[in-house]
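Undergrad: Please find target10.txt (compact mmCIF, C-alpha atoms) on the next line:
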# COMPACT_ATOMS: atom_id res chain seq x y z
CA MET A 1 13.42 94.01 60.53
CA ILE A 2 16.31 92.46 58.66
CA GLY A 3 14.96 92.03 55.16
CA PRO A 4 15.33 89.00 52.91
CA SER A 5 18.22 90.45 50.93
CA ILE A 6 20.21 91.64 53.99
CA VAL A 7 23.27 89.70 55.15
CA ILE A 8 24.84 90.56 58.51
CA LYS A 9 28.08 89.14 59.82
CA GLY A 10 28.80 90.20 63.38
CA GLU A 11 26.86 91.01 66.53
CA VAL A 12 23.30 92.31 66.61
CA SER A 13 22.18 93.93 69.87
CA GLY A 14 19.62 96.50 70.97
CA GLU A 15 16.37 97.12 72.78
CA GLU A 16 13.59 96.48 70.34
CA ASP A 17 11.92 93.47 68.79
CA LEU A 18 13.55 92.02 65.73
CA LEU A 19 12.24 90.09 62.74
CA ILE A 20 14.92 88.37 60.68
CA GLN A 21 14.01 87.48 57.10
CA GLY A 22 17.59 87.65 55.82
CA LYS A 23 20.86 86.05 56.90
CA VAL A 24 22.70 86.66 60.16
CA GLU A 25 25.99 85.11 61.14
CA GLY A 26 27.57 85.85 64.53
CA LYS A 27 25.58 86.68 67.68
CA ILE A 28 22.14 88.16 68.41
CA SER A 29 21.57 89.70 71.86
CA LEU A 30 18.19 91.30 72.51
CA ASN A 31 17.71 90.16 76.07
CA GLY A 32 14.54 92.09 76.91
CA ASN A 33 12.85 91.69 73.57
CA GLN A 34 11.41 89.31 71.02
CA VAL A 35 13.39 87.80 68.18
CA THR A 36 11.54 86.16 65.31
CA VAL A 37 13.38 84.28 62.62
CA GLY A 38 11.02 84.45 59.65
CA GLU A 39 10.46 81.67 57.15
CA SER A 40 13.10 83.06 54.83
CA GLY A 41 15.50 83.80 57.71
CA GLU A 42 18.78 81.92 58.03
CA VAL A 43 20.73 82.39 61.23
CA ARG A 44 24.10 80.94 62.09
CA ALA A 45 24.41 82.52 65.48
CA ASP A 46 23.65 82.14 69.17
CA ILE A 47 20.46 84.03 70.02
CA PHE A 48 19.71 85.63 73.40
CA ALA A 49 16.28 87.26 73.90
CA LYS A 50 13.20 87.35 76.09
CA THR A 51 11.08 85.34 73.67
CA ILE A 52 12.24 83.71 70.47
CA GLN A 53 10.17 82.31 67.63
CA ILE A 54 11.82 80.27 64.91
CA ASN A 55 9.96 79.96 61.61
CA GLY A 56 13.11 79.65 59.51
CA LYS A 57 16.50 78.03 59.92
CA VAL A 58 18.88 78.42 62.87
CA ILE A 59 22.23 76.82 63.49
CA GLY A 60 23.32 77.90 66.95
CA ASP A 61 22.25 77.93 70.59
CA ILE A 62 19.04 79.70 71.59
CA THR A 63 18.56 81.18 75.07
CA ALA A 64 15.32 82.87 76.11
CA ASN A 65 14.33 84.28 79.49
CA GLU A 66 10.69 83.37 78.88
CA LYS A 67 9.82 81.21 75.91
CA VAL A 68 11.05 79.58 72.71
CA ILE A 69 8.66 78.53 69.96
CA ILE A 70 9.87 76.42 67.07
CA SER A 71 7.07 76.52 64.53
CA LYS A 72 6.17 73.90 61.95
CA SER A 73 8.37 75.58 59.35
CA GLY A 74 11.25 75.97 61.82
CA ASN A 75 14.53 74.08 61.61
CA VAL A 76 16.91 74.33 64.56
CA HIS A 77 20.27 72.67 64.98
CA GLY A 78 21.56 73.67 68.40
CA ASN A 79 20.72 73.73 72.08
CA VAL A 80 17.71 75.53 73.50
CA VAL A 81 17.64 76.99 77.01
CA ALA A 82 14.32 78.48 78.19
CA PRO A 83 11.79 77.89 80.98
CA ARG A 84 9.12 77.16 78.38
CA VAL A 85 9.69 75.55 75.00
CA LEU A 86 7.01 74.87 72.43
CA LEU A 87 7.67 72.66 69.45
CA GLU A 88 5.02 72.62 66.76
CA ASP A 89 4.22 69.50 64.78
CA GLY A 90 6.50 69.36 61.76
CA ALA A 91 9.27 71.41 63.35
CA MET A 92 12.76 70.03 62.83
CA PHE A 93 14.98 70.06 65.88
CA LYS A 94 18.39 68.57 66.56
CA GLY A 95 20.03 69.22 69.90
CA SER A 96 19.09 69.50 73.56
CA ILE A 97 16.38 71.40 75.40
CA ASP A 98 17.07 72.75 78.88
CA MET A 99 13.92 73.82 80.70
CA ASP A 100 15.60 73.99 84.11
CA PRO A 101 15.11 77.55 85.40
CA ALA A 102 18.45 77.41 87.24
CA GLY A 103 20.17 76.65 83.97
CA VAL A 104 18.34 79.49 82.25
CA GLY A 105 19.48 81.90 84.94
CA LYS A 106 23.12 80.93 84.49
CA ALA A 107 22.88 81.21 80.73
CA THR A 108 21.26 84.64 80.98
CA VAL A 109 23.99 85.93 83.25
CA ALA A 110 26.58 84.66 80.82
CA ALA A 111 24.86 86.33 77.89
CA PRO A 112 26.09 89.76 76.82
CA GLN A 113 23.88 92.63 77.96
CA ALA A 114 22.13 94.73 75.36
CA VAL A 115 23.52 98.22 75.01
CA PRO A 116 20.80 100.87 75.48
CA SER A 117 20.05 102.52 72.22
CA ALA A 118 20.47 106.29 72.09
CA ALA A 119 17.53 106.66 69.76
CA PRO A 120 15.43 103.52 69.94
CA GLN A 121 12.66 105.05 67.88
CA ILE A 122 14.95 105.06 64.84
CA LYS A 123 15.16 101.50 63.61
CA PRO A 124 18.75 101.44 62.36
CA SER A 125 20.08 102.79 65.66
CA GLY A 126 18.39 99.94 67.47
CA LEU A 127 20.86 97.58 65.86
CA ASP A 128 24.49 97.63 66.77
CA LEU A 129 26.24 96.08 63.80
CA LYS A 130 29.86 95.17 64.26
CA SER A 131 31.37 93.76 61.13
CA ALA A 132 33.20 90.52 61.61
CA MET B 133 -2.87 87.53 66.05
CA ASN B 134 -0.10 87.24 68.59
CA ALA B 135 2.79 85.42 66.94
CA PHE B 136 3.86 84.09 70.35
CA ALA B 137 0.50 82.58 71.23
CA ALA B 138 0.72 78.84 71.81
CA GLN B 139 -0.71 76.69 69.04
CA PRO B 140 -2.90 73.77 70.14
CA LEU B 141 -1.03 70.47 70.05
CA PRO B 142 -2.27 67.89 67.52
CA ASN B 143 -3.69 64.57 68.66
CA PRO B 144 -1.73 61.70 67.11
CA PRO B 145 -2.74 58.06 67.75
CA THR B 146 -1.82 56.90 71.22
CA GLN B 147 -0.80 53.71 72.99
CA ASN B 148 -1.24 53.05 76.68
CA SER B 149 1.80 51.84 78.54
CA LYS B 150 1.85 49.88 81.78
CA LEU B 151 5.55 50.43 82.35
CA LEU B 152 6.03 54.07 81.41
CA PRO B 153 4.66 55.48 84.71
CA ALA B 154 7.49 53.74 86.59
CA LEU B 155 9.95 56.04 84.82
CA PHE B 156 8.38 59.16 86.28
CA GLN B 157 7.43 57.80 89.70
CA PRO B 158 10.75 58.79 91.35
CA PHE B 159 10.37 62.39 90.21
CA ASP B 160 7.98 65.03 91.49
CA VAL B 161 6.69 67.61 89.05
CA GLY B 162 9.08 70.53 89.26
CA GLN B 163 12.02 68.28 90.09
CA ALA B 164 15.18 68.33 87.94
CA VAL B 165 15.28 65.47 85.43
CA THR B 166 17.78 64.75 82.68
CA VAL B 167 16.43 62.70 79.79
CA PHE B 168 18.06 61.00 76.82
CA HIS B 169 15.58 60.40 74.02
CA VAL B 170 16.76 58.36 71.04
CA GLY B 171 14.64 59.68 68.22
CA SER B 172 12.99 62.79 66.86
CA ALA B 173 11.83 65.56 69.15
CA LEU B 174 8.04 65.64 69.10
CA PRO B 175 5.76 68.44 70.34
CA GLU B 176 3.97 66.33 72.93
CA THR B 177 7.24 65.04 74.42
CA VAL B 178 8.57 68.55 74.91
CA ASP B 179 5.21 69.65 76.29
CA PHE B 180 5.05 66.71 78.74
CA PHE B 181 8.53 67.32 80.12
CA SER B 182 7.96 71.06 80.42
CA SER B 183 6.28 70.39 83.76
CA TYR B 184 9.65 69.20 85.08
CA ARG B 185 12.85 71.16 85.47
CA CYS B 186 14.07 69.17 82.56
CA LYS B 187 17.08 68.76 80.32
CA LEU B 188 16.11 66.83 77.21
CA HIS B 189 18.77 65.44 74.92
CA PHE B 190 17.42 64.31 71.57
CA VAL B 191 19.63 62.22 69.30
CA ASP B 192 17.96 60.78 66.23
CA VAL B 193 20.15 57.73 65.80
CA PHE B 194 17.58 56.40 63.31
CA SER B 195 18.53 59.10 60.83
CA ALA B 196 22.13 57.86 60.93
CA LEU B 197 21.27 54.23 60.18
CA PRO B 198 22.69 51.89 59.11
CA ILE B 199 25.46 52.09 61.71
CA VAL B 200 27.78 49.22 60.93
CA ASN B 201 31.38 48.35 61.39
CA ASP B 202 33.63 48.45 58.36
CA GLU B 203 36.97 47.10 59.49
CA GLU B 204 38.75 48.54 56.46
CA GLN B 205 37.08 51.91 56.48
CA PRO B 206 37.04 54.23 59.48
CA PRO B 207 35.29 55.58 61.48
CA SER B 208 34.88 52.67 63.84
CA LEU B 209 31.55 51.95 65.50
CA LEU B 210 32.82 53.58 68.68
CA GLN B 211 33.84 56.70 66.77
CA GLN B 212 30.48 56.83 65.02
CA PHE B 213 28.63 56.79 68.33
CA GLN B 214 31.06 59.26 69.89
CA GLN B 215 30.20 61.66 67.08
CA LEU B 216 26.47 61.08 67.46
CA LEU B 217 26.28 61.14 71.27
CA HIS B 218 28.54 64.06 72.08
CA PHE B 219 26.96 64.91 75.44
CA PRO B 220 28.51 67.50 77.75
CA GLU B 221 30.97 65.74 80.06
CA HIS B 222 28.96 66.35 83.24
CA THR B 223 25.68 65.03 81.80
CA ARG B 224 24.12 62.17 83.77
CA PHE B 225 20.80 60.75 82.64
CA ASP B 226 17.91 59.93 84.93
CA ILE B 227 15.75 58.53 82.13
CA CYS B 228 16.68 56.94 78.79
CA LEU B 229 14.11 56.32 76.05
CA PHE B 230 15.37 53.66 73.63
CA TRP B 231 12.20 52.97 71.67
CA ASP B 232 12.89 50.35 68.94
CA LEU B 233 16.56 51.34 68.77
CA PHE B 234 18.03 47.92 69.48
CA ASN B 235 16.03 46.38 66.63
CA PHE B 236 18.18 48.37 64.22
CA LEU B 237 21.65 47.85 65.72
CA ASP B 238 23.68 44.67 65.47
CA SER B 239 25.48 43.25 68.50
CA GLU B 240 28.69 45.18 67.93
CA ALA B 241 26.81 48.43 67.45
CA ILE B 242 24.83 47.94 70.66
CA ARG B 243 28.06 47.36 72.58
CA ALA B 244 29.60 50.50 71.08
CA PHE B 245 26.46 52.53 71.80
CA LEU B 246 26.47 51.45 75.44
CA ALA B 247 30.21 52.05 75.80
CA VAL B 248 29.66 55.70 74.86
CA LEU B 249 26.50 56.04 76.96
CA ARG B 250 27.75 54.28 80.11
CA PRO B 251 29.76 57.23 81.55
CA HIS B 252 26.58 59.33 81.36
CA LEU B 253 24.43 56.94 83.38
CA LYS B 254 23.66 57.19 87.09
CA ARG B 255 23.36 54.27 89.46
CA THR B 256 19.64 55.08 89.48
CA SER B 257 19.11 55.54 85.74
CA LEU B 258 15.90 54.09 84.33
CA ALA B 259 15.17 53.21 80.73
CA HIS B 260 12.18 52.27 78.62
CA ALA B 261 12.50 50.32 75.39
CA PHE B 262 10.56 48.43 72.78
CA SER B 263 11.92 45.17 71.45
CA VAL B 264 10.34 42.06 69.98
CA HIS B 265 9.31 38.82 71.66
CA ASN B 266 9.77 36.79 68.52
CA SER B 267 12.64 37.96 66.36
CA ARG B 268 11.63 35.66 63.49
CA ILE B 269 8.28 37.36 62.89
CA PRO B 270 8.81 40.27 60.52
CA GLN B 271 7.39 43.55 61.71
CA LYS B 272 5.20 45.11 59.03
CA ASN B 273 4.92 48.56 60.51
CA HIS B 274 7.52 50.75 62.15
CA TYR B 275 6.76 53.64 64.43
CA TYR B 276 8.23 56.55 66.28
CA TYR B 277 6.98 57.73 69.61
CA GLY B 278 6.42 60.65 71.92
CA VAL B 279 5.24 61.02 75.51
CA GLN B 280 1.62 62.18 75.64
CA GLN B 281 1.06 61.52 79.34
CA ALA B 282 2.83 59.57 82.07
CA ASP B 283 1.04 56.40 80.95
CA THR B 284 0.43 57.18 77.28
CA LEU B 285 2.68 57.30 74.25
CA SER B 286 1.87 58.99 70.98
CA VAL B 287 2.54 56.70 68.03
CA ARG B 288 3.32 57.75 64.48
CA HIS B 289 4.01 55.53 61.47
CA ARG B 290 7.41 55.87 59.89
CA ARG B 291 7.05 56.65 56.20
CA ALA B 292 9.89 54.26 55.40
CA THR B 293 11.51 51.47 57.38
CA PRO B 294 14.94 52.59 58.58
CA PRO B 295 17.75 50.39 57.24
CA GLY B 296 19.26 47.59 59.27
CA TYR B 297 16.16 46.07 60.86
CA ALA B 298 17.37 42.85 62.51
CA PRO B 299 15.83 42.41 65.95
CA HIS B 300 17.55 40.36 68.62
CA SER B 301 16.01 37.58 70.63
CA GLN B 302 15.11 38.52 74.19
CA ARG B 303 17.94 36.46 75.64
CA GLU B 304 20.50 37.94 73.27
CA LEU B 305 19.34 41.47 73.97
CA MET B 306 19.48 40.97 77.73
CA GLU B 307 23.08 39.79 77.39
CA LEU B 308 23.99 42.78 75.25
CA LEU B 309 22.43 45.35 77.57
CA ASP B 310 25.11 44.76 80.17
CA CYS B 311 24.62 48.05 82.01
CA PHE B 312 20.89 47.51 82.42
CA ARG B 313 18.72 44.72 83.73
CA VAL B 314 15.10 44.10 82.85
CA ASP B 315 12.84 44.97 85.75
CA ARG B 316 9.55 44.25 83.98
CA SER B 317 8.40 43.41 80.49
CA VAL B 318 5.01 43.38 78.81
CA LEU B 319 3.97 41.50 75.68
CA LEU B 320 2.35 43.73 73.10
CA PRO B 321 0.47 43.00 69.85
CA ASP B 322 2.44 42.45 66.65
CA SER B 323 5.15 40.49 68.43
CA ARG B 324 6.41 43.56 70.23
CA LEU B 325 7.79 43.72 73.75
CA GLU B 326 7.83 46.64 76.16
CA LEU B 327 10.74 46.76 78.59
CA LEU B 328 11.44 48.68 81.78
CA LEU B 329 15.18 48.67 82.41
CA LEU B 330 17.05 49.47 85.60
CA ARG B 331 20.74 50.25 85.87
CA SER B 332 22.67 47.14 86.83
As structure tokens - that is how I would like this structure written.
TA:
Amino acid sequence: MIGPSIVIKGEVSGEEDLLIQGKVEGKISLNGNQVTVGESGEVRADIFAKTIQINGKVIGDITANEKVIISKSGNVHGNVVAPRVLLEDGAMFKGSIDMDPAGVGKATVAAPQAVPSAAPQIKPSGLDLKSA
Amino acid sequence: MNAFAAQPLPNPPTQNSKLLPALFQPFDVGQAVTVFHVGSALPETVDFFSSYRCKLHFVDVFSALPIVNDEEQPPSLLQQFQQLLHFPEHTRFDICLFWDLFNFLDSEAIRAFLAVLRPHLKRTSLAHAFSVHNSRIPQKNHYYYGVQQADTLSVRHRRATPPGYAPHSQRELMELLDCFRVDRSVLLPDSRLELLLLRS
């Protein structure tokens, strides 16, 4: 989890699920995992993951191998690429939605691959933080 | 509770449409479709199109109203629409959803809107629009729409009327929509008109 007072500028990658309640600016690549942007989360980054749930604010493109959910408290300004997209009533969305599986495949190939974590059981090592 | 479990979609008021099914008739479920929707993204619209291999482009032009030309103050109408409709160069739309849009754009703005859109249309593009059949009757209520089913729209009241409401007569609108022709139209209550447009 990235807590409410944490600010990260750079690239976040790894092999575990991630809950963002703080601020992230840069790129988030967790291709085989879930990324949740919590209600207090503010992300200015492209997000690549298996499933992505947005409850907070995101400015950037979102690419998921399986599913994207933009909940009623979510606010997304960017393009979404995923085979399944769910928008809840009240969600704010500005951009395009690509639910074409061929397009998702291309986007996934283009996305950076997560680097295997040496010690995934230790939370900090699951995040590869490269300062901008 | 699984945070990724789907939430049930709400049931907003609906409106049957005789012309809407014609938009989807050329496309089988699972076929690639590129859609331009002028307005807010609504849950039911995204859910409906999820059965297609779909690219949905949402542009809420209504939130940018009024869009008018100020000869002394840039940006021009064309520049305003170029900023709003910045589609990827290769994008070509199969379906355009223009619900109520032309009631809020003056003649110059409609021409500028179409000038920016035209390069992104196919020879087979289809469009669906709502207009009015009597431009002198004021419309009390204003709505925004989603696709519930192939023949059913969801209808929500706008909390406030967007600025610039000045609907065109049918004849004037047909002249302005120079890259479309009206295939069929249906009179609706409250002086409204439903239009199915084909690329001309």
Undergrad: Ranking B:Val170, B:Leu217, B:Leu308, B:Ala196 by minimum distance to Ser239 in chain B and counting all atoms listed in the file, which one comes first?
TA: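 Answer, going by the shortest atom-to-atom distance: B:Leu308.
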Undergrad: From the options B:Leu209, B:Leu216, B:Ile227, B:Leu327, which residue's atoms come nearest to chain A, counting only C-alpha atoms?
TA: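 Smallest distance to chain A is found for B:Leu216.
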Undergrad: What would the list of residues within 10 Å of (10.0, 83.1, 80.8) (file frame) look like as a list in words, if all atoms listed in the file are what count?
TA: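 All residues meeting the 10 Å criterion around (10.0, 83.1, 80.8) are Lys50, Thr51, Ala64, Asn65, Glu66, Lys67, Val68, Ala82, Pro83, Arg84, Val85, Pro101 and Val104 of chain A.
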Undergrad: Please produce, as JSON lines, a per-residue contact table for chain A versus chain B (criterion: any atom at most 7 Å away, all atoms listed in the file considered), showing the nearest atom pair and its distance in Å to one decimal, sorted by chain then residue number.
TA:
{"residue": "A:Arg84", "atom": "CA", "partner": "B:Ser182", "partner_atom": "CA", "distance": 6.5}
{"residue": "A:Leu86", "atom": "CA", "partner": "B:Asp179", "partner_atom": "CA", "distance": 6.7}
{"residue": "A:Leu87", "atom": "CA", "partner": "B:Pro175", "partner_atom": "CA", "distance": 4.7}
{"residue": "A:Glu88", "atom": "CA", "partner": "B:Pro175", "partner_atom": "CA", "distance": 5.6}
{"residue": "A:Asp89", "atom": "CA", "partner": "B:Pro175", "partner_atom": "CA", "distance": 5.9}
{"residue": "A:Phe93", "atom": "CA", "partner": "B:Ala173", "partner_atom": "CA", "distance": 6.4}
{"residue": "A:Lys94", "atom": "CA", "partner": "B:Phe190", "partner_atom": "CA", "distance": 6.6}
{"residue": "A:Gly95", "atom": "CA", "partner": "B:Phe190", "partner_atom": "CA", "distance": 5.8}
{"residue": "A:Ser96", "atom": "CA", "partner": "B:His189", "partner_atom": "CA", "distance": 4.3}
{"residue": "A:Ile97", "atom": "CA", "partner": "B:Leu188", "partner_atom": "CA", "distance": 4.9}
{"residue": "A:Asp98", "atom": "CA", "partner": "B:Lys187", "partner_atom": "CA", "distance": 4.2}
{"residue": "A:Met99", "atom": "CA", "partner": "B:Cys186", "partner_atom": "CA", "distance": 5.0}
{"residue": "A:Asp100", "atom": "CA", "partner": "B:Arg185", "partner_atom": "CA", "distance": 4.2}
{"residue": "A:Pro101", "atom": "CA", "partner": "B:Arg185", "partner_atom": "CA", "distance": 6.8}
Undergrad: Rounded to one decimal, what separation in Å do you get between CA of Phe230 in chain B and CA of Pro207 in chain B?
TA: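 So the answer is 23.4 Å.
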